[in-house]
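Q: File work_31.txt follows (compact mmCIF, C-alpha atoms):
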```
# COMPACT_ATOMS: atom_id res chain seq x y z
CA MET A 1179 -29.28 28.42 18.92
CA LYS A 1180 -26.38 30.35 17.46
CA GLU A 1181 -28.67 33.23 16.61
CA GLY A 1182 -30.39 33.07 19.98
CA ARG A 1183 -33.83 32.30 18.55
CA VAL A 1184 -34.25 28.99 20.40
CA LYS A 1185 -32.97 27.78 23.77
CA GLU A 1186 -32.74 24.08 22.96
CA ASN A 1187 -31.33 22.06 20.07
CA VAL A 1188 -34.14 19.67 19.14
CA PHE A 1189 -31.78 17.63 16.98
CA ALA A 1190 -29.30 16.89 19.79
CA SER A 1191 -30.91 13.53 20.60
CA VAL A 1192 -31.23 12.36 17.00
CA ALA A 1193 -29.00 9.35 16.29
CA LEU A 1194 -27.52 8.97 12.83
CA PRO A 1195 -27.86 5.55 11.17
CA LYS A 1196 -24.73 3.43 11.47
CA THR A 1197 -22.87 2.86 8.24
CA THR A 1198 -21.76 -0.63 7.33
CA LEU A 1199 -18.04 -1.07 7.91
CA ARG A 1200 -16.35 -2.42 4.79
CA ILE A 1201 -14.21 -5.43 5.59
CA PRO A 1202 -10.99 -4.89 3.64
CA ILE A 1203 -10.06 -7.36 0.94
CA PHE A 1204 -6.57 -8.71 1.15
CA LEU A 1205 -4.53 -11.24 -0.78
CA ASN A 1206 -2.53 -13.86 1.07
CA ASP A 1207 1.09 -14.75 0.34
CA LYS A 1208 0.27 -17.27 -2.39
CA GLU A 1209 -2.14 -14.92 -4.16
CA MET A 1210 0.38 -12.08 -4.14
CA SER A 1211 3.08 -14.42 -5.46
CA LYS A 1212 0.75 -15.48 -8.28
CA LEU A 1213 0.14 -11.85 -9.19
CA PHE A 1214 3.85 -11.05 -9.34
CA HIS A 1215 4.59 -14.24 -11.27
CA GLU A 1216 2.24 -13.09 -14.03
CA MET A 1217 4.06 -9.75 -14.30
CA MET A 1218 7.35 -10.89 -15.80
CA GLY A 1219 7.38 -8.77 -18.99
CA ASN A 1220 10.53 -6.90 -20.01
CA GLU A 1221 8.93 -3.87 -21.68
CA PRO A 1222 9.56 -0.53 -19.89
CA LEU A 1223 5.96 -0.27 -18.68
CA ASP A 1224 5.99 -3.89 -17.52
CA GLN A 1225 9.12 -3.22 -15.49
CA ARG A 1226 7.56 -0.08 -14.07
CA ASP A 1227 4.34 -1.80 -13.05
CA ARG A 1228 6.15 -4.70 -11.39
CA ALA A 1229 8.43 -2.30 -9.49
CA LEU A 1230 5.39 -0.25 -8.51
CA LEU A 1231 3.47 -3.21 -7.10
CA GLU A 1232 6.54 -4.69 -5.42
CA LEU A 1233 7.22 -1.37 -3.70
CA LEU A 1234 3.63 -0.97 -2.52
CA TYR A 1235 3.46 -4.49 -1.15
CA ALA A 1236 6.93 -4.34 0.41
CA THR A 1237 6.23 -1.13 2.32
CA GLY A 1238 2.48 -0.83 2.79
CA MET A 1239 2.67 2.81 1.76
CA LYS A 1240 -0.37 4.63 0.39
CA VAL A 1241 -0.78 5.20 -3.33
CA SER A 1242 -0.53 8.95 -2.74
CA GLU A 1243 2.80 8.40 -0.97
CA CYS A 1244 4.08 6.10 -3.70
CA SER A 1245 3.49 8.67 -6.44
CA LYS A 1246 5.74 11.13 -4.56
CA VAL A 1247 8.76 8.83 -4.29
CA GLN A 1248 11.91 10.21 -5.90
CA ILE A 1249 14.90 8.19 -7.08
CA HIS A 1250 17.05 9.60 -4.29
CA ASP A 1251 14.50 8.38 -1.73
CA ILE A 1252 15.60 4.81 -2.49
CA ASP A 1253 18.73 3.67 -0.64
CA PHE A 1254 19.84 0.37 -2.13
CA PHE A 1255 22.90 0.20 0.13
CA ILE A 1256 20.89 -0.19 3.32
CA GLY A 1257 17.68 -1.31 1.58
CA THR A 1258 15.21 1.39 2.60
CA VAL A 1259 12.83 3.91 1.08
CA TYR A 1260 12.03 7.34 2.49
CA ILE A 1261 8.29 7.98 2.54
CA GLN A 1262 6.78 11.45 2.54
CA GLY A 1263 3.30 11.51 4.00
CA ARG A 1264 1.46 12.62 7.09
CA LYS A 1265 4.16 10.73 8.94
CA GLU A 1266 7.57 10.78 7.32
CA ARG A 1267 9.40 7.51 7.81
CA TYR A 1268 11.99 5.08 6.46
CA ILE A 1269 10.71 1.62 5.52
CA PRO A 1270 12.81 -1.49 4.76
CA LEU A 1271 12.59 -2.91 1.24
CA SER A 1272 12.13 -6.57 0.44
CA THR A 1273 14.67 -8.41 -1.73
CA PHE A 1274 12.06 -8.74 -4.49
CA ALA A 1275 11.28 -5.01 -4.38
CA ILE A 1276 14.97 -4.09 -4.56
CA GLU A 1277 15.50 -6.37 -7.56
CA ALA A 1278 12.44 -5.03 -9.39
CA LEU A 1279 13.37 -1.40 -8.67
CA GLN A 1280 16.96 -1.85 -9.81
CA THR A 1281 15.85 -3.45 -13.08
CA TYR A 1282 13.33 -0.69 -13.73
CA ILE A 1283 15.70 2.17 -12.88
CA LYS A 1284 18.60 0.78 -14.94
CA ASP A 1285 16.48 -0.15 -17.93
CA GLY A 1286 12.80 0.76 -18.21
CA ARG A 1287 12.98 4.17 -16.56
CA LYS A 1288 15.86 5.27 -18.80
CA VAL A 1289 13.81 4.41 -21.88
CA LEU A 1290 10.79 6.32 -20.58
CA MET A 1291 12.90 9.32 -19.52
CA GLN A 1292 14.08 9.76 -23.12
CA LYS A 1293 10.54 10.84 -23.97
CA ALA A 1294 10.33 13.39 -21.14
CA LYS A 1295 10.18 17.11 -21.91
CA HIS A 1296 12.49 17.86 -19.01
CA GLN A 1297 14.70 15.94 -16.59
CA HIS A 1298 13.22 15.15 -13.16
CA SER A 1299 13.83 12.72 -10.32
CA SER A 1300 10.37 11.15 -9.94
CA LEU A 1301 10.74 7.40 -9.60
CA PHE A 1302 7.68 6.30 -11.55
CA LEU A 1303 7.04 7.72 -15.02
CA ASN A 1304 4.17 7.58 -17.47
CA TYR A 1305 4.57 6.44 -21.08
CA ARG A 1306 5.59 9.99 -22.08
CA GLY A 1307 8.29 10.24 -19.44
CA GLY A 1308 6.28 12.54 -17.18
CA GLU A 1309 5.63 12.15 -13.48
CA LEU A 1310 3.09 9.46 -12.65
CA SER A 1311 0.14 10.86 -10.68
CA ASP A 1312 -1.54 8.99 -7.84
CA ARG A 1313 -4.64 8.66 -10.02
CA SER A 1314 -2.55 6.98 -12.72
CA VAL A 1315 -1.04 4.65 -10.13
CA ARG A 1316 -4.53 3.56 -9.07
CA THR A 1317 -5.52 2.98 -12.70
CA ILE A 1318 -2.43 0.87 -13.36
CA ILE A 1319 -2.97 -1.30 -10.29
CA HIS A 1320 -6.66 -1.77 -11.06
CA LYS A 1321 -5.93 -2.87 -14.64
CA ARG A 1322 -3.23 -5.29 -13.53
CA ILE A 1323 -5.42 -6.90 -10.90
CA GLU A 1324 -8.38 -7.14 -13.26
CA SER A 1325 -6.31 -8.53 -16.15
CA GLU A 1326 -4.92 -11.34 -14.03
CA ALA A 1327 -8.36 -12.06 -12.50
CA ILE A 1328 -6.76 -12.48 -9.09
CA CYS A 1329 -9.59 -11.03 -7.03
CA LYS A 1330 -12.86 -9.29 -7.85
CA GLY A 1331 -13.48 -5.94 -6.21
CA PHE A 1332 -9.82 -5.53 -5.29
CA ARG A 1333 -8.82 -1.87 -4.93
CA PRO A 1334 -5.36 -0.25 -4.93
CA GLN A 1335 -5.51 0.42 -1.19
CA ASP A 1336 -6.14 -3.29 -0.64
CA ILE A 1337 -2.45 -3.89 -1.34
CA ARG A 1338 -1.79 -1.86 1.79
CA TYR A 1339 -4.30 -4.04 3.64
CA SER A 1340 -2.59 -7.16 2.29
CA PHE A 1341 0.74 -5.87 3.58
CA ALA A 1342 -0.65 -5.35 7.07
CA ALA A 1343 -2.73 -8.53 7.24
CA ASN A 1344 0.06 -10.80 6.02
CA LEU A 1345 2.54 -9.31 8.49
CA LEU A 1346 0.12 -9.88 11.36
CA ASN A 1347 -0.72 -13.39 10.17
CA ASN A 1348 2.98 -14.24 10.10
CA GLY A 1349 3.53 -13.10 13.67
CA ALA A 1350 4.57 -9.44 13.35
CA ASP A 1351 4.05 -7.24 16.39
CA ILE A 1352 1.07 -4.94 15.87
CA GLY A 1353 3.08 -2.00 17.19
CA VAL A 1354 5.70 -2.54 14.48
CA VAL A 1355 2.98 -2.76 11.84
CA GLN A 1356 1.56 0.51 13.15
CA GLU A 1357 4.95 2.18 12.72
CA LEU A 1358 5.40 0.78 9.21
CA LEU A 1359 1.95 1.96 8.12
CA GLY A 1360 2.54 5.40 9.60
CA HIS A 1361 -0.61 5.26 11.71
CA LYS A 1362 -0.82 7.95 14.35
CA HIS A 1363 -3.44 6.11 16.40
CA PHE A 1364 -3.27 2.47 17.44
CA SER A 1365 -6.97 1.99 16.73
CA ALA A 1366 -6.33 2.44 13.00
CA THR A 1367 -3.90 -0.49 12.98
CA GLN A 1368 -5.99 -2.58 15.33
CA PHE A 1369 -8.67 -2.66 12.64
CA PHE A 1370 -6.49 -5.02 10.60
CA ALA A 1371 -6.31 -7.46 13.50
CA HIS A 1372 -10.03 -8.10 13.09
CA VAL A 1373 -9.47 -9.59 9.63
CA THR A 1374 -6.61 -11.86 10.67
CA LYS A 1375 -8.68 -14.26 12.73
CA ASP A 1376 -6.50 -17.26 11.97
CA ARG A 1377 -3.52 -15.55 13.53
CA LEU A 1378 -5.54 -14.46 16.56
CA LYS A 1379 -6.81 -17.99 17.10
CA ASP A 1380 -3.31 -19.40 16.79
CA VAL A 1381 -1.88 -16.96 19.33
CA TYR A 1382 -4.74 -17.68 21.72
CA LYS A 1383 -4.34 -21.43 21.34
CA HIS A 1384 -0.62 -21.35 22.09
CA SER A 1385 -0.64 -18.60 24.71
CA HIS A 1386 -3.69 -19.06 26.92
CA PRO A 1387 -3.01 -21.54 29.75
CA ARG A 1388 -6.43 -23.14 29.45
CA ALA A 1389 -6.85 -22.96 25.69
```
Let's see the structure in the file written out as structure tokens.
A:
Amino acid sequence: MKEGRVKENVFASVALPKTTLRIPIFLNDKEMSKLFHEMMGNEPLDQRDRALLELLYATGMKVSECSKVQIHDIDFFIGTVYIQGRKERYIPLSTFAIEALQTYIKDGRKVLMQKAKHQHSSLFLNYRGGELSDRSVRTIIHKRIESEAICKGFRPQDIRYSFAANLLNNGADIGVVQELLGHKHFSATQFFAHVTKDRLKDVYKHSHPRA
């Protein structure tokens, strides 16, 4: 058609097969607490990994966003982190995340930085003191989840799903969750509502006049 050789696109009416939508895996509050409880080591890398997971779960940020966090992006005074992504935003930090980050920065990170070839402000470092890539972050999370046998098939992005699902299950407004996740479109956040059926049923039961 572009070249003018035919007048009609014979493929216009062809329907593509629908792909199966993967239902995200998410850990509930107790499962996440169990995971963090098992990560109580005091070695520099243990402190880093705990701070990494606490930050991801506290904010719901993407792994790619987490790898870009600099020390000066953390504001312990007001308890927020500045996230650089498609949508720049400030996200509150949980008490557990603040505690884990402070321990890591004051102790573990200093030890790792001594091995660095040059000084830099990246928050999370590898064992040689270099900047931790998003690929390395994914590897770390995968190994931690697998080693604790918390959940089979759990992926790094499922921590983000756990963040969203647990907020919704505990009564958070979906518009607030959308803002925290940095979603541009409401439909992207609404997807998580489909996996929080218990919360939906509870709201319906207590809100509908004839429920």
Q: Give me the residues within 8 Å of Ala1294 of chain A as number ranges by chain, counting only C-alpha atoms and dropping any in the same chain fewer than 2 places off.
A: A: 1290-1292, 1296-1297, 1306-1308
Q: Using all atoms listed in the file, which residues sit within 12 Å of Met1239 of chain A once same-chain residues fewer than 6 positions away are excluded, as a short mmCIF file (atom, residue, chain, number, x, y, z; two decimals) with C-alpha atoms, keeping the file's coordinate frame?
A:
```
data_model
loop_
_atom_site.label_atom_id
_atom_site.label_comp_id
_atom_site.auth_asym_id
_atom_site.auth_seq_id
_atom_site.Cartn_x
_atom_site.Cartn_y
_atom_site.Cartn_z
CA LEU A 1230 5.39 -0.25 -8.51
CA LEU A 1231 3.47 -3.21 -7.10
CA GLU A 1232 6.54 -4.69 -5.42
CA LEU A 1233 7.22 -1.37 -3.70
CA SER A 1245 3.49 8.67 -6.44
CA LYS A 1246 5.74 11.13 -4.56
CA VAL A 1247 8.76 8.83 -4.29
CA VAL A 1259 12.83 3.91 1.08
CA TYR A 1260 12.03 7.34 2.49
CA ILE A 1261 8.29 7.98 2.54
CA GLN A 1262 6.78 11.45 2.54
CA GLY A 1263 3.30 11.51 4.00
CA ARG A 1264 1.46 12.62 7.09
CA LYS A 1265 4.16 10.73 8.94
CA GLU A 1266 7.57 10.78 7.32
CA ARG A 1267 9.40 7.51 7.81
CA TYR A 1268 11.99 5.08 6.46
CA ILE A 1269 10.71 1.62 5.52
CA PRO A 1270 12.81 -1.49 4.76
CA LEU A 1271 12.59 -2.91 1.24
CA PRO A 1334 -5.36 -0.25 -4.93
CA GLN A 1335 -5.51 0.42 -1.19
CA ASP A 1336 -6.14 -3.29 -0.64
CA ILE A 1337 -2.45 -3.89 -1.34
CA ARG A 1338 -1.79 -1.86 1.79
CA TYR A 1339 -4.30 -4.04 3.64
CA SER A 1340 -2.59 -7.16 2.29
CA PHE A 1341 0.74 -5.87 3.58
CA ALA A 1342 -0.65 -5.35 7.07
CA VAL A 1355 2.98 -2.76 11.84
CA GLN A 1356 1.56 0.51 13.15
CA GLU A 1357 4.95 2.18 12.72
CA LEU A 1358 5.40 0.78 9.21
CA LEU A 1359 1.95 1.96 8.12
CA GLY A 1360 2.54 5.40 9.60
CA HIS A 1361 -0.61 5.26 11.71
#
```
Q: At what distance in Å, to one decimal, does atom CA of Leu1234 of chain A lie from atom CA of Ile1203 of chain A?
A: 15.5 Å
Q: Which of these, A:Asn1344, A:Thr1317, A:Ser1385, A:Thr1237, has the shortest distance to Ala1275 of chain A once you count all atoms listed in the file?
A: A:Thr1237
Q: What gap, in Å, lies between atom CA of Gln1225 of chain A and atom CA of Asn1347 of chain A?
A: 29.3 Å
Q: Record the distance separating atom CA of Arg1333 of chain A and atom CA of Arg1316 of chain A, expressed in Å with one decimal.
A: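 It comes out at 8.1 Å.
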Q: Taking only C-alpha atoms into account, name the residue in A:Ala1350, A:Leu1205, A:Val1184, A:Leu1223 that is nearest to Val1289 of chain A.
A: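 Of A:Ala1350, A:Leu1205, A:Val1184, A:Leu1223, the one nearest Val1289 of chain A, counting only C-alpha atoms, is A:Leu1223.
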Q: Rank A:Ala1193, A:His1298, A:Lys1362, A:Leu1213 by their smallest atom-to-atom distance to Asp1227 of chain A, using only C-alpha atoms, and report the top residue only.
A: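 Checking each of A:Ala1193, A:His1298, A:Lys1362, A:Leu1213 against Asp1227 of chain A, counting only C-alpha atoms, the winner is A:Leu1213.
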